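Coordinates from structure-v8.cif are shown below (mmCIF, C-alpha atoms and all ligand atoms).
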```
data_input
#
loop_
_atom_site.label_atom_id
_atom_site.label_comp_id
_atom_site.auth_asym_id
_atom_site.auth_seq_id
_atom_site.Cartn_x
_atom_site.Cartn_y
_atom_site.Cartn_z
CA MET T 19 -38.27 17.17 62.33
CA ARG T 20 -36.89 15.08 65.21
CA ALA T 21 -35.11 11.88 64.26
CA ILE T 22 -32.80 9.28 65.78
CA ALA T 23 -29.65 9.18 63.69
CA ILE T 24 -25.95 8.38 63.65
CA THR T 25 -23.22 10.64 62.28
CA GLU T 26 -20.78 7.77 61.57
CA PHE T 27 -20.80 3.98 61.77
CA GLY T 28 -20.33 2.77 65.34
CA ALA T 29 -21.49 6.09 66.85
CA ASP T 30 -24.23 6.13 69.50
CA PRO T 31 -27.69 6.89 68.03
CA GLU T 32 -28.81 10.39 69.05
CA ILE T 33 -31.91 12.54 68.76
CA VAL T 34 -31.24 15.25 66.18
CA GLN T 35 -33.16 17.92 64.25
CA LEU T 36 -33.16 17.31 60.48
CA PRO T 37 -35.16 18.66 57.55
CA ALA T 38 -38.24 16.57 56.73
CA PRO T 39 -37.71 14.44 53.60
CA GLU T 40 -38.98 15.68 50.23
CA PRO T 41 -41.29 13.08 48.64
CA ALA T 42 -40.45 12.10 45.04
CA PRO T 43 -43.36 12.10 42.51
CA ASP T 44 -44.12 8.40 43.23
CA GLU T 45 -43.76 8.68 47.03
CA LEU T 46 -46.04 9.00 50.05
CA PHE T 47 -45.05 11.52 52.72
CA VAL T 48 -45.97 9.85 56.00
CA ARG T 49 -46.27 11.25 59.53
CA ILE T 50 -44.76 8.29 61.37
CA ARG T 51 -46.52 7.51 64.65
CA ALA T 52 -44.50 4.43 65.68
CA ALA T 53 -41.34 2.66 64.55
CA GLY T 54 -40.56 -1.03 65.09
CA TYR T 55 -37.10 -2.12 66.19
CA ASN T 56 -35.39 -4.95 64.28
CA PRO T 57 -31.88 -6.39 64.87
CA VAL T 58 -30.87 -5.16 61.40
CA ASP T 59 -31.22 -1.55 62.64
CA LEU T 60 -28.21 -1.97 64.90
CA LYS T 61 -26.32 -4.08 62.34
CA ILE T 62 -26.63 -1.14 59.92
CA ALA T 63 -25.60 1.37 62.62
CA SER T 64 -22.50 -0.67 63.49
CA GLY T 65 -21.26 -0.55 59.90
CA ALA T 66 -21.48 -4.34 59.51
CA MET T 67 -23.43 -3.90 56.28
CA LYS T 68 -21.65 -0.85 54.85
CA ASN T 69 -20.15 -2.76 51.91
CA THR T 70 -23.58 -3.97 50.79
CA MET T 71 -25.46 -0.65 50.65
CA PRO T 72 -25.03 2.97 49.57
CA TYR T 73 -25.32 5.39 52.50
CA ARG T 74 -25.02 8.99 53.70
CA PHE T 75 -24.74 10.71 57.05
CA PRO T 76 -26.45 11.79 59.17
CA MET T 77 -28.22 8.44 58.79
CA ILE T 78 -31.67 8.07 60.36
CA LEU T 79 -32.06 4.55 61.74
CA GLY T 80 -35.03 2.22 61.50
CA VAL T 81 -36.71 0.19 58.80
CA ASP T 82 -40.28 -0.42 59.99
CA GLY T 83 -42.90 2.19 60.72
CA ALA T 84 -46.61 3.01 60.75
CA GLY T 85 -48.47 6.29 60.51
CA VAL T 86 -50.69 8.54 58.43
CA VAL T 87 -50.16 9.74 54.86
CA GLU T 88 -49.87 13.51 55.04
CA ALA T 89 -49.21 14.23 51.35
CA VAL T 90 -48.56 12.32 48.14
CA GLY T 91 -46.34 12.91 45.10
CA VAL T 92 -48.01 13.88 41.79
CA GLU T 93 -47.76 10.34 40.36
CA VAL T 94 -49.33 8.59 43.37
CA THR T 95 -52.68 7.00 42.54
CA ARG T 96 -53.11 4.20 45.07
CA PHE T 97 -52.90 6.15 48.36
CA LYS T 98 -54.29 9.47 49.55
CA PRO T 99 -53.74 11.85 52.45
CA GLY T 100 -55.36 10.49 55.60
CA ASP T 101 -54.67 6.82 54.79
CA GLU T 102 -53.20 4.89 57.71
CA VAL T 103 -50.26 2.90 56.35
CA TYR T 104 -47.48 0.62 57.55
CA GLY T 105 -44.32 -0.53 55.86
CA ARG T 106 -40.59 -0.05 55.46
CA PHE T 107 -39.15 3.47 55.34
CA LEU T 108 -35.40 2.82 55.14
CA ASP T 109 -33.56 4.60 52.34
CA THR T 110 -29.87 4.58 53.28
CA THR T 111 -28.93 6.39 50.03
CA ARG T 112 -30.79 9.47 51.31
CA GLY T 113 -30.00 8.82 54.99
CA LEU T 114 -33.70 8.22 55.73
CA GLY T 115 -35.33 5.74 58.12
CA SER T 116 -38.39 5.14 60.28
CA TYR T 117 -37.06 6.52 63.60
CA ALA T 118 -38.27 9.98 62.65
CA GLU T 119 -41.37 12.16 62.65
CA TYR T 120 -41.69 11.87 58.86
CA GLY T 121 -40.74 9.22 56.31
CA VAL T 122 -41.22 8.60 52.61
CA VAL T 123 -41.89 5.42 50.65
CA SER T 124 -42.76 4.74 47.01
CA GLN T 125 -46.35 3.67 46.37
CA ASP T 126 -44.80 0.66 44.57
CA GLY T 127 -42.55 -0.13 47.53
CA PRO T 128 -43.15 -2.08 50.76
CA VAL T 129 -46.17 -0.13 52.04
CA ALA T 130 -49.84 -1.00 52.51
CA LEU T 131 -52.91 0.09 54.43
CA MET T 132 -52.54 -0.80 58.11
CA PRO T 133 -54.49 -3.77 59.49
CA LYS T 134 -57.87 -2.28 60.42
CA GLY T 135 -57.84 -3.70 63.93
CA MET T 136 -54.39 -2.38 64.84
CA ILE T 137 -53.06 0.92 66.08
CA ALA T 138 -49.74 2.26 64.75
CA GLU T 139 -47.81 1.01 67.81
CA GLN T 140 -48.82 -2.56 66.91
CA ALA T 141 -48.58 -2.30 63.13
CA ALA T 142 -45.01 -0.93 63.30
CA ALA T 143 -43.88 -4.25 64.75
CA VAL T 144 -45.11 -6.27 61.77
CA PRO T 145 -43.37 -5.51 58.44
CA THR T 146 -39.85 -6.98 58.50
CA ALA T 147 -40.48 -9.79 60.99
CA SER T 148 -43.74 -11.06 59.51
CA CYS T 149 -42.63 -10.67 55.86
CA THR T 150 -39.54 -12.75 56.75
CA ALA T 151 -41.70 -15.39 58.44
CA HIS T 152 -43.94 -15.53 55.39
CA ASP T 153 -40.92 -15.93 53.08
CA LEU T 154 -39.54 -18.71 55.32
CA VAL T 155 -42.76 -20.71 55.03
CA GLU T 156 -43.06 -20.11 51.27
CA THR T 157 -39.41 -20.95 50.55
CA SER T 158 -39.62 -24.15 52.61
CA ARG T 159 -42.73 -25.34 50.70
CA LEU T 160 -43.95 -26.65 54.04
CA ASP T 161 -47.04 -28.82 53.77
CA THR T 162 -49.84 -30.07 56.04
CA GLY T 163 -48.66 -32.64 58.55
CA GLN T 164 -44.96 -31.91 58.06
CA THR T 165 -42.72 -31.11 61.03
CA VAL T 166 -40.65 -27.94 61.31
CA LEU T 167 -38.21 -26.85 64.00
CA ILE T 168 -37.94 -23.08 64.53
CA VAL T 169 -34.71 -22.07 66.28
CA GLY T 170 -35.13 -18.59 67.83
CA ALA T 171 -38.93 -18.94 67.87
CA THR T 172 -39.65 -16.36 70.58
CA GLY T 173 -38.27 -13.35 68.66
CA GLY T 174 -39.99 -11.14 66.12
CA VAL T 175 -39.49 -13.40 63.09
CA GLY T 176 -39.94 -16.59 65.12
CA GLN T 177 -43.34 -15.71 66.58
CA SER T 178 -44.82 -15.00 63.16
CA ALA T 179 -43.13 -18.07 61.68
CA VAL T 180 -44.67 -20.30 64.38
CA GLN T 181 -48.13 -18.96 63.53
CA LEU T 182 -47.78 -19.06 59.73
CA ALA T 183 -46.27 -22.58 59.76
CA ALA T 184 -49.09 -23.81 62.03
CA LEU T 185 -51.61 -22.12 59.70
CA ARG T 186 -50.17 -24.27 56.88
CA GLY T 187 -51.03 -27.32 58.98
CA ALA T 188 -47.43 -28.07 59.96
CA ARG T 189 -46.39 -29.48 63.34
CA VAL T 190 -44.20 -26.79 64.89
CA ILE T 191 -41.38 -27.39 67.36
CA ALA T 192 -40.37 -24.05 68.90
CA SER T 193 -37.11 -23.35 70.72
CA ALA T 194 -38.12 -21.37 73.81
CA SER T 195 -37.41 -21.04 77.51
CA PRO T 196 -40.21 -21.99 79.98
CA ASP T 197 -41.37 -18.36 80.40
CA ALA T 198 -42.38 -18.35 76.72
CA ASP T 199 -43.83 -21.89 76.67
CA GLU T 200 -47.47 -20.79 76.99
CA LEU T 201 -47.14 -18.03 74.37
CA MET T 202 -45.53 -20.43 71.88
CA ARG T 203 -48.32 -23.02 72.35
CA GLU T 204 -51.01 -20.31 71.98
CA MET T 205 -49.35 -19.34 68.71
CA GLY T 206 -49.51 -22.92 67.42
CA ALA T 207 -46.38 -24.78 68.58
CA VAL T 208 -47.01 -28.40 69.57
CA GLU T 209 -43.57 -29.04 71.09
CA ILE T 210 -41.00 -26.89 72.89
CA ALA T 211 -37.22 -27.35 73.07
CA ASP T 212 -35.60 -25.35 75.88
CA ARG T 213 -31.98 -24.52 75.09
CA PHE T 214 -31.21 -24.00 78.79
CA VAL T 215 -32.00 -27.68 79.61
CA SER T 216 -29.77 -29.34 76.98
CA PRO T 217 -28.73 -28.56 73.40
CA ILE T 218 -31.78 -28.09 71.15
CA ALA T 219 -30.44 -30.53 68.54
CA GLU T 220 -30.07 -33.31 71.16
CA GLN T 221 -33.63 -32.86 72.44
CA VAL T 222 -35.16 -32.86 68.97
CA LEU T 223 -33.11 -35.86 67.75
CA ASP T 224 -34.26 -37.89 70.80
CA ARG T 225 -37.91 -37.16 69.99
CA HIS T 226 -37.66 -37.33 66.18
CA PRO T 227 -35.06 -39.96 65.25
CA ASP T 228 -36.58 -40.36 61.76
CA GLY T 229 -35.81 -36.75 60.91
CA LEU T 230 -37.65 -33.47 60.38
CA ASP T 231 -39.03 -31.97 57.18
CA ALA T 232 -37.76 -28.44 57.79
CA VAL T 233 -35.67 -26.23 60.07
CA PHE T 234 -36.00 -22.43 60.19
CA ASP T 235 -32.83 -21.25 61.93
CA LEU T 236 -32.79 -17.61 62.99
CA VAL T 237 -29.79 -17.72 65.33
CA SER T 238 -27.19 -20.48 64.72
CA PRO T 239 -23.87 -19.19 63.38
CA ALA T 240 -21.98 -20.93 60.57
CA ASP T 241 -19.93 -23.08 62.94
CA SER T 242 -22.93 -24.73 64.62
CA ILE T 243 -25.78 -24.76 62.10
CA GLU T 244 -24.73 -28.15 60.74
CA GLN T 245 -26.09 -29.76 63.96
CA MET T 246 -29.52 -28.40 63.00
CA ALA T 247 -29.19 -29.56 59.39
CA ASP T 248 -28.35 -33.07 60.67
CA LEU T 249 -31.89 -33.24 62.15
CA LEU T 250 -33.43 -33.35 58.65
CA HIS T 251 -34.29 -36.47 56.71
CA PRO T 252 -33.06 -36.60 53.08
CA GLY T 253 -35.11 -34.17 50.99
CA GLY T 254 -35.65 -31.82 53.96
CA VAL T 255 -34.92 -28.11 53.94
CA ILE T 256 -32.97 -25.82 56.28
CA ILE T 257 -33.20 -22.04 55.98
CA SER T 258 -30.97 -19.52 57.76
CA THR T 259 -31.91 -15.85 58.14
CA ILE T 260 -28.36 -14.87 59.08
CA HIS T 261 -26.52 -16.34 56.10
CA SER T 262 -24.93 -19.19 58.09
CA LEU T 263 -25.21 -21.86 55.39
CA ASP T 264 -22.79 -22.78 52.63
CA PRO T 265 -25.26 -24.43 50.20
CA SER T 266 -22.39 -25.91 48.18
CA SER T 267 -21.02 -27.83 51.20
CA PRO T 268 -21.05 -31.65 50.80
CA ALA T 269 -22.73 -31.75 54.24
CA TYR T 270 -25.92 -30.52 52.52
CA ARG T 271 -25.88 -32.93 49.54
CA GLU T 272 -29.15 -34.64 50.42
CA ILE T 273 -31.10 -31.63 51.64
CA ARG T 274 -31.96 -28.11 50.51
CA ALA T 275 -29.91 -25.40 52.30
CA VAL T 276 -31.06 -21.82 51.75
CA ASN T 277 -29.85 -18.44 53.04
CA LEU T 278 -32.97 -16.28 53.00
CA LEU T 279 -33.08 -12.58 52.17
CA VAL T 280 -36.55 -11.17 52.84
CA LYS T 281 -38.32 -9.53 49.90
CA PRO T 282 -41.07 -7.39 51.40
CA THR T 283 -43.68 -5.95 49.04
CA GLY T 284 -46.82 -3.87 49.41
CA GLN T 285 -48.82 -6.85 48.19
CA LEU T 286 -47.39 -9.09 50.92
CA LEU T 287 -48.08 -6.44 53.57
CA SER T 288 -51.72 -6.38 52.39
CA VAL T 289 -51.90 -10.18 52.72
CA LEU T 290 -50.46 -9.96 56.24
CA ALA T 291 -52.94 -7.19 57.15
CA ASP T 292 -55.80 -9.49 56.06
CA LEU T 293 -54.39 -12.37 58.15
CA ILE T 294 -54.13 -10.04 61.16
CA ASP T 295 -57.68 -8.74 60.68
CA GLY T 296 -58.88 -12.35 60.26
CA GLY T 297 -57.36 -13.26 63.64
CA GLN T 298 -54.85 -15.67 62.06
CA LEU T 299 -51.72 -13.68 62.87
CA ARG T 300 -50.85 -11.57 65.88
CA VAL T 301 -47.78 -9.79 67.19
CA HIS T 302 -46.69 -9.89 70.80
CA ILE T 303 -44.97 -6.62 71.73
CA GLU T 304 -42.53 -6.88 74.60
CA SER T 305 -42.10 -3.14 75.20
CA GLN T 306 -43.03 0.31 73.93
CA VAL T 307 -40.70 3.22 74.58
CA PRO T 308 -41.24 6.98 74.16
CA PHE T 309 -39.04 8.61 71.50
CA ASP T 310 -36.85 10.39 74.08
CA GLN T 311 -35.88 7.08 75.69
CA ALA T 312 -35.18 5.21 72.44
CA PRO T 313 -31.44 6.08 72.13
CA ALA T 314 -30.82 4.66 75.63
CA LEU T 315 -32.85 1.56 74.81
CA LEU T 316 -30.87 0.98 71.60
CA ARG T 317 -27.65 1.19 73.63
CA ASP T 318 -29.08 -1.39 76.07
CA ILE T 319 -30.06 -3.74 73.26
CA ALA T 320 -26.61 -3.35 71.67
CA ASN T 321 -25.05 -4.26 75.02
CA GLY T 322 -27.33 -7.31 75.37
CA HIS T 323 -29.38 -5.88 78.26
CA ALA T 324 -32.80 -5.89 76.58
CA ARG T 325 -34.85 -8.36 74.49
CA GLY T 326 -38.13 -8.82 72.65
CA LYS T 327 -40.13 -6.94 70.02
CA THR T 328 -39.82 -3.27 70.82
CA VAL T 329 -41.74 -0.33 69.41
CA ILE T 330 -40.72 3.34 69.57
CA LYS T 331 -43.61 5.80 70.00
CA ILE T 332 -43.03 8.94 67.94
N1 LIG T 401 -32.19 -12.47 56.09
C1 LIG T 401 -33.21 -11.63 56.26
O1 LIG T 401 -33.80 -11.13 55.30
C2 LIG T 401 -33.63 -11.32 57.66
C3 LIG T 401 -34.88 -10.75 57.90
C4 LIG T 401 -35.28 -10.54 59.23
C5 LIG T 401 -34.43 -10.89 60.27
N2 LIG T 401 -33.20 -11.40 59.98
C6 LIG T 401 -32.28 -11.79 61.07
O2 LIG T 401 -32.86 -12.93 61.71
C7 LIG T 401 -32.49 -12.90 63.10
C8 LIG T 401 -33.76 -13.03 63.96
O3 LIG T 401 -34.53 -11.83 63.80
P1 LIG T 401 -35.62 -11.41 64.88
O4 LIG T 401 -36.17 -10.11 64.46
O5 LIG T 401 -36.55 -12.55 65.14
O6 LIG T 401 -34.68 -11.23 66.17
P2 LIG T 401 -35.09 -11.19 67.72
O7 LIG T 401 -36.45 -10.61 67.85
O8 LIG T 401 -33.95 -10.57 68.43
O9 LIG T 401 -35.22 -12.73 68.11
C9 LIG T 401 -34.14 -13.61 68.24
C10 LIG T 401 -34.62 -14.79 69.07
O10 LIG T 401 -33.61 -15.79 69.15
C11 LIG T 401 -33.53 -16.28 70.49
N3 LIG T 401 -32.19 -16.82 70.68
C12 LIG T 401 -31.05 -16.15 70.91
N4 LIG T 401 -30.00 -17.01 70.98
C13 LIG T 401 -30.52 -18.25 70.81
C14 LIG T 401 -29.98 -19.55 70.78
N5 LIG T 401 -28.68 -19.78 70.95
N6 LIG T 401 -30.81 -20.59 70.56
C15 LIG T 401 -32.13 -20.40 70.38
N7 LIG T 401 -32.71 -19.19 70.40
C16 LIG T 401 -31.92 -18.13 70.62
C17 LIG T 401 -33.85 -15.09 71.34
O11 LIG T 401 -34.32 -15.53 72.57
P3 LIG T 401 -33.81 -14.83 73.93
O12 LIG T 401 -34.38 -13.44 73.91
O13 LIG T 401 -34.36 -15.70 74.96
O14 LIG T 401 -32.29 -14.82 73.90
C18 LIG T 401 -34.95 -14.42 70.49
O15 LIG T 401 -36.19 -14.99 70.79
C19 LIG T 401 -31.73 -11.58 63.31
O16 LIG T 401 -30.33 -11.84 63.29
C20 LIG T 401 -32.13 -10.73 62.14
O17 LIG T 401 -31.19 -9.74 61.82
C21 LIG T 401 -32.79 -11.61 58.71
#
```
Spit out the file's structure as structure tokens when you get a sec.
Amino acid sequence: MRAIAITEFGADPEIVQLPAPEPAPDELFVRIRAAGYNPVDLKIASGAMKNTMPYRFPMILGVDGAGVVEAVGVEVTRFKPGDEVYGRFLDTTRGLGSYAEYGVVSQDGPVALMPKGMIAEQAAAVPTASCTAHDLVETSRLDTGQTVLIVGATGGVGQSAVQLAALRGARVIASASPDADELMREMGAVEIADRFVSPIAEQVLDRHPDGLDAVFDLVSPADSIEQMADLLHPGGVIISTIHSLDPSSPAYREIRAVNLLVKPTGQLLSVLADLIDGGQLRVHIESQVPFDQAPALLRDIANGHARGKTVIKI
């Protein structure tokens, strides 16, 4: 099968021919039709996470994918050939990922039937970003009428977080530049903070001197996230998706500071599929690229020359 893989950490991703994976007795063998790009794909390829995971080369990249079940292992009872599924196909121990013609995933793993109203090119953009957004809202215990600032709201995680927080009845402040203002408001934001006008923290403090209930921070590094935490009133919660917080710091004595690690499950993917089919959650895809062009696109993203939720057509 064709796959996009690396032969060592830091190497350029390339299209290679590899044997199709063998499904274990509990696994689905899926013909992947589309793969969704996430920033973690390039973090893994760079070697930044090599001490936290087992791995082997050649390593197929990609976590998220969507396609059709072609065969199932002998123990599989909940899926059958022909089912259209979406989920996470990364298995670094076996060098497997979603940027390939075939992938495998356990029936008990992060896989579910695709949202009925979506095609694979849309569904592949959902799993990691929307599961993370869901976990942000759950972890924050956000309630109706509370105010949350989402820093990095226009990206994959941010867009879903804006929608799911608004669905909870929260007032959402989204960080976004003017070109994304309309999209953010359609998704449920009631206020926008544009980082290119003045620092986000300054704008929000001016408008909310009594403090916010929650901050979801998807971008601030460790040396600047304290400015965002300072926007909370006592009892508020700040959550980082990039591990920027030191929860034991005295700076966070009166608030909850959480570094989130997403825990995607098949059950959660089914919940998200229902929300999508109910019109309560949508995914805005910035670009779709054919498989042959994906290695070049990944190089562009790594060099900072591309943005947005991107899907690779396989
Ligand atoms: N911990 C976990 O389990 C977990 C799970 C999922 C994701 N993550 C991490 O969370 C981060 C966000 O993921 P994603 O998929 O949403 O990424 P993404 O799609 O690349 O989105 C990042 C967003 O942040 C914006 N941004 C960049 N610099 C900013 C700044 N200084 N201030 C405000 N906004 C800024 C970008 O806007 P522009 O395009 O305008 O620059 C973009 O909209 C990534 O680092 C990812 O690896 C962690």
Quiz item: T:Ser258, T:Ser116, T:Thr110, T:Thr172: which is nearest ligand LIG 401 (chain T), counting only C-alpha atoms and all ligand atoms?
Solution: T:Thr172
Quiz item: Near Gln285 (chain T), counting only C-alpha atoms, which residues have an atom at most 12 Å away, once you skip same-chain residues fewer than 5 positions from it, shown as a list in words?
Solution: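 Answer for this query is Gly105, Gln125, Asp126, Gly127, Pro128, Val129, Ala130, Leu131, Pro145, Cys149, Leu290, Ala291 and Asp292 of chain T.
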I need every residue sitting at most 12 Å from the point (-47.1, 11.7, 50.5) (coordinates as in the file, only C-alpha atoms considered), written as a CSV table (one decimal) with C-alpha atoms, keeping the file's coordinate frame.
```csv
chain,number,residue,atom,x,y,z
T,38,ALA,CA,-38.2,16.6,56.7
T,39,PRO,CA,-37.7,14.4,53.6
T,40,GLU,CA,-39.0,15.7,50.2
T,41,PRO,CA,-41.3,13.1,48.6
T,42,ALA,CA,-40.4,12.1,45.0
T,43,PRO,CA,-43.4,12.1,42.5
T,44,ASP,CA,-44.1,8.4,43.2
T,45,GLU,CA,-43.8,8.7,47.0
T,46,LEU,CA,-46.0,9.0,50.0
T,47,PHE,CA,-45.0,11.5,52.7
T,48,VAL,CA,-46.0,9.8,56.0
T,49,ARG,CA,-46.3,11.2,59.5
T,50,ILE,CA,-44.8,8.3,61.4
T,85,GLY,CA,-48.5,6.3,60.5
T,86,VAL,CA,-50.7,8.5,58.4
T,87,VAL,CA,-50.2,9.7,54.9
T,88,GLU,CA,-49.9,13.5,55.0
T,89,ALA,CA,-49.2,14.2,51.4
T,90,VAL,CA,-48.6,12.3,48.1
T,91,GLY,CA,-46.3,12.9,45.1
T,92,VAL,CA,-48.0,13.9,41.8
T,93,GLU,CA,-47.8,10.3,40.4
T,94,VAL,CA,-49.3,8.6,43.4
T,95,THR,CA,-52.7,7.0,42.5
T,96,ARG,CA,-53.1,4.2,45.1
T,97,PHE,CA,-52.9,6.2,48.4
T,98,LYS,CA,-54.3,9.5,49.6
T,99,PRO,CA,-53.7,11.8,52.4
T,100,GLY,CA,-55.4,10.5,55.6
T,101,ASP,CA,-54.7,6.8,54.8
T,102,GLU,CA,-53.2,4.9,57.7
T,103,VAL,CA,-50.3,2.9,56.4
T,120,TYR,CA,-41.7,11.9,58.9
T,121,GLY,CA,-40.7,9.2,56.3
T,122,VAL,CA,-41.2,8.6,52.6
T,123,VAL,CA,-41.9,5.4,50.6
T,124,SER,CA,-42.8,4.7,47.0
T,125,GLN,CA,-46.4,3.7,46.4
T,129,VAL,CA,-46.2,-0.1,52.0
```
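Across T:Ala194, T:Ala141, T:Ala52, T:Met205, the tightest approach to Tyr117 (chain T) is made by T:Ala52 when counting only C-alpha atoms.
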Quiz prompt | Contacts to ligand LIG 401 (chain T) at 7 Å cut-off (all atoms listed in the file) as a PyMOL selection string | solution = chain T and resi 56-58+146-147+150+169-176+193-195+213+236-238+259-261+278-280+325-327
Selected residues written out, C-alpha atoms, as a PDB file, in the frame of the given file:
```pdb
ATOM      1  CA  ASN T  56     -35.390  -4.950  64.280  1.00  0.00           C
ATOM      2  CA  PRO T  57     -31.880  -6.390  64.870  1.00  0.00           C
ATOM      3  CA  VAL T  58     -30.870  -5.160  61.400  1.00  0.00           C
ATOM      4  CA  THR T 146     -39.850  -6.980  58.500  1.00  0.00           C
ATOM      5  CA  ALA T 147     -40.480  -9.790  60.990  1.00  0.00           C
ATOM      6  CA  THR T 150     -39.540 -12.750  56.750  1.00  0.00           C
ATOM      7  CA  VAL T 169     -34.710 -22.070  66.280  1.00  0.00           C
ATOM      8  CA  GLY T 170     -35.130 -18.590  67.830  1.00  0.00           C
ATOM      9  CA  ALA T 171     -38.930 -18.940  67.870  1.00  0.00           C
ATOM     10  CA  THR T 172     -39.650 -16.360  70.580  1.00  0.00           C
ATOM     11  CA  GLY T 173     -38.270 -13.350  68.660  1.00  0.00           C
ATOM     12  CA  GLY T 174     -39.990 -11.140  66.120  1.00  0.00           C
ATOM     13  CA  VAL T 175     -39.490 -13.400  63.090  1.00  0.00           C
ATOM     14  CA  GLY T 176     -39.940 -16.590  65.120  1.00  0.00           C
ATOM     15  CA  SER T 193     -37.110 -23.350  70.720  1.00  0.00           C
ATOM     16  CA  ALA T 194     -38.120 -21.370  73.810  1.00  0.00           C
ATOM     17  CA  SER T 195     -37.410 -21.040  77.510  1.00  0.00           C
ATOM     18  CA  ARG T 213     -31.980 -24.520  75.090  1.00  0.00           C
ATOM     19  CA  LEU T 236     -32.790 -17.610  62.990  1.00  0.00           C
ATOM     20  CA  VAL T 237     -29.790 -17.720  65.330  1.00  0.00           C
ATOM     21  CA  SER T 238     -27.190 -20.480  64.720  1.00  0.00           C
ATOM     22  CA  THR T 259     -31.910 -15.850  58.140  1.00  0.00           C
ATOM     23  CA  ILE T 260     -28.360 -14.870  59.080  1.00  0.00           C
ATOM     24  CA  HIS T 261     -26.520 -16.340  56.100  1.00  0.00           C
ATOM     25  CA  LEU T 278     -32.970 -16.280  53.000  1.00  0.00           C
ATOM     26  CA  LEU T 279     -33.080 -12.580  52.170  1.00  0.00           C
ATOM     27  CA  VAL T 280     -36.550 -11.170  52.840  1.00  0.00           C
ATOM     28  CA  ARG T 325     -34.850  -8.360  74.490  1.00  0.00           C
ATOM     29  CA  GLY T 326     -38.130  -8.820  72.650  1.00  0.00           C
ATOM     30  CA  LYS T 327     -40.130  -6.940  70.020  1.00  0.00           C
TER      31      LYS T 327
END
```
Quiz item: Which residue gives the smallest distance to Ile137 (chain T) among T:Pro72, T:Gly83, T:Gly253, T:Gly229, with only C-alpha atoms counted?
Solution: T:Gly83
Practice problem: Calculate how many Å separate CA of Ala142 (chain T) from CA of Val301 (chain T), rounding to one decimal. | Solution: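 Taking CA of Ala142 (chain T) as the start and CA of Val301 (chain T) as the end point, the length is 10.1 Å.
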Self-check item: CA of Val81 (chain T) to CA of Gly206 (chain T), straight-line distance in Å
Solution: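 For CA of Gly206 (chain T) relative to CA of Val81 (chain T), the distance reads 27.8 Å.
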Quiz item: For Leu249 (chain T), which residue out of T:Ser262, T:Gln306, T:Thr165, T:Ser267 is the nearest one, using only C-alpha atoms?
Solution: T:Thr165
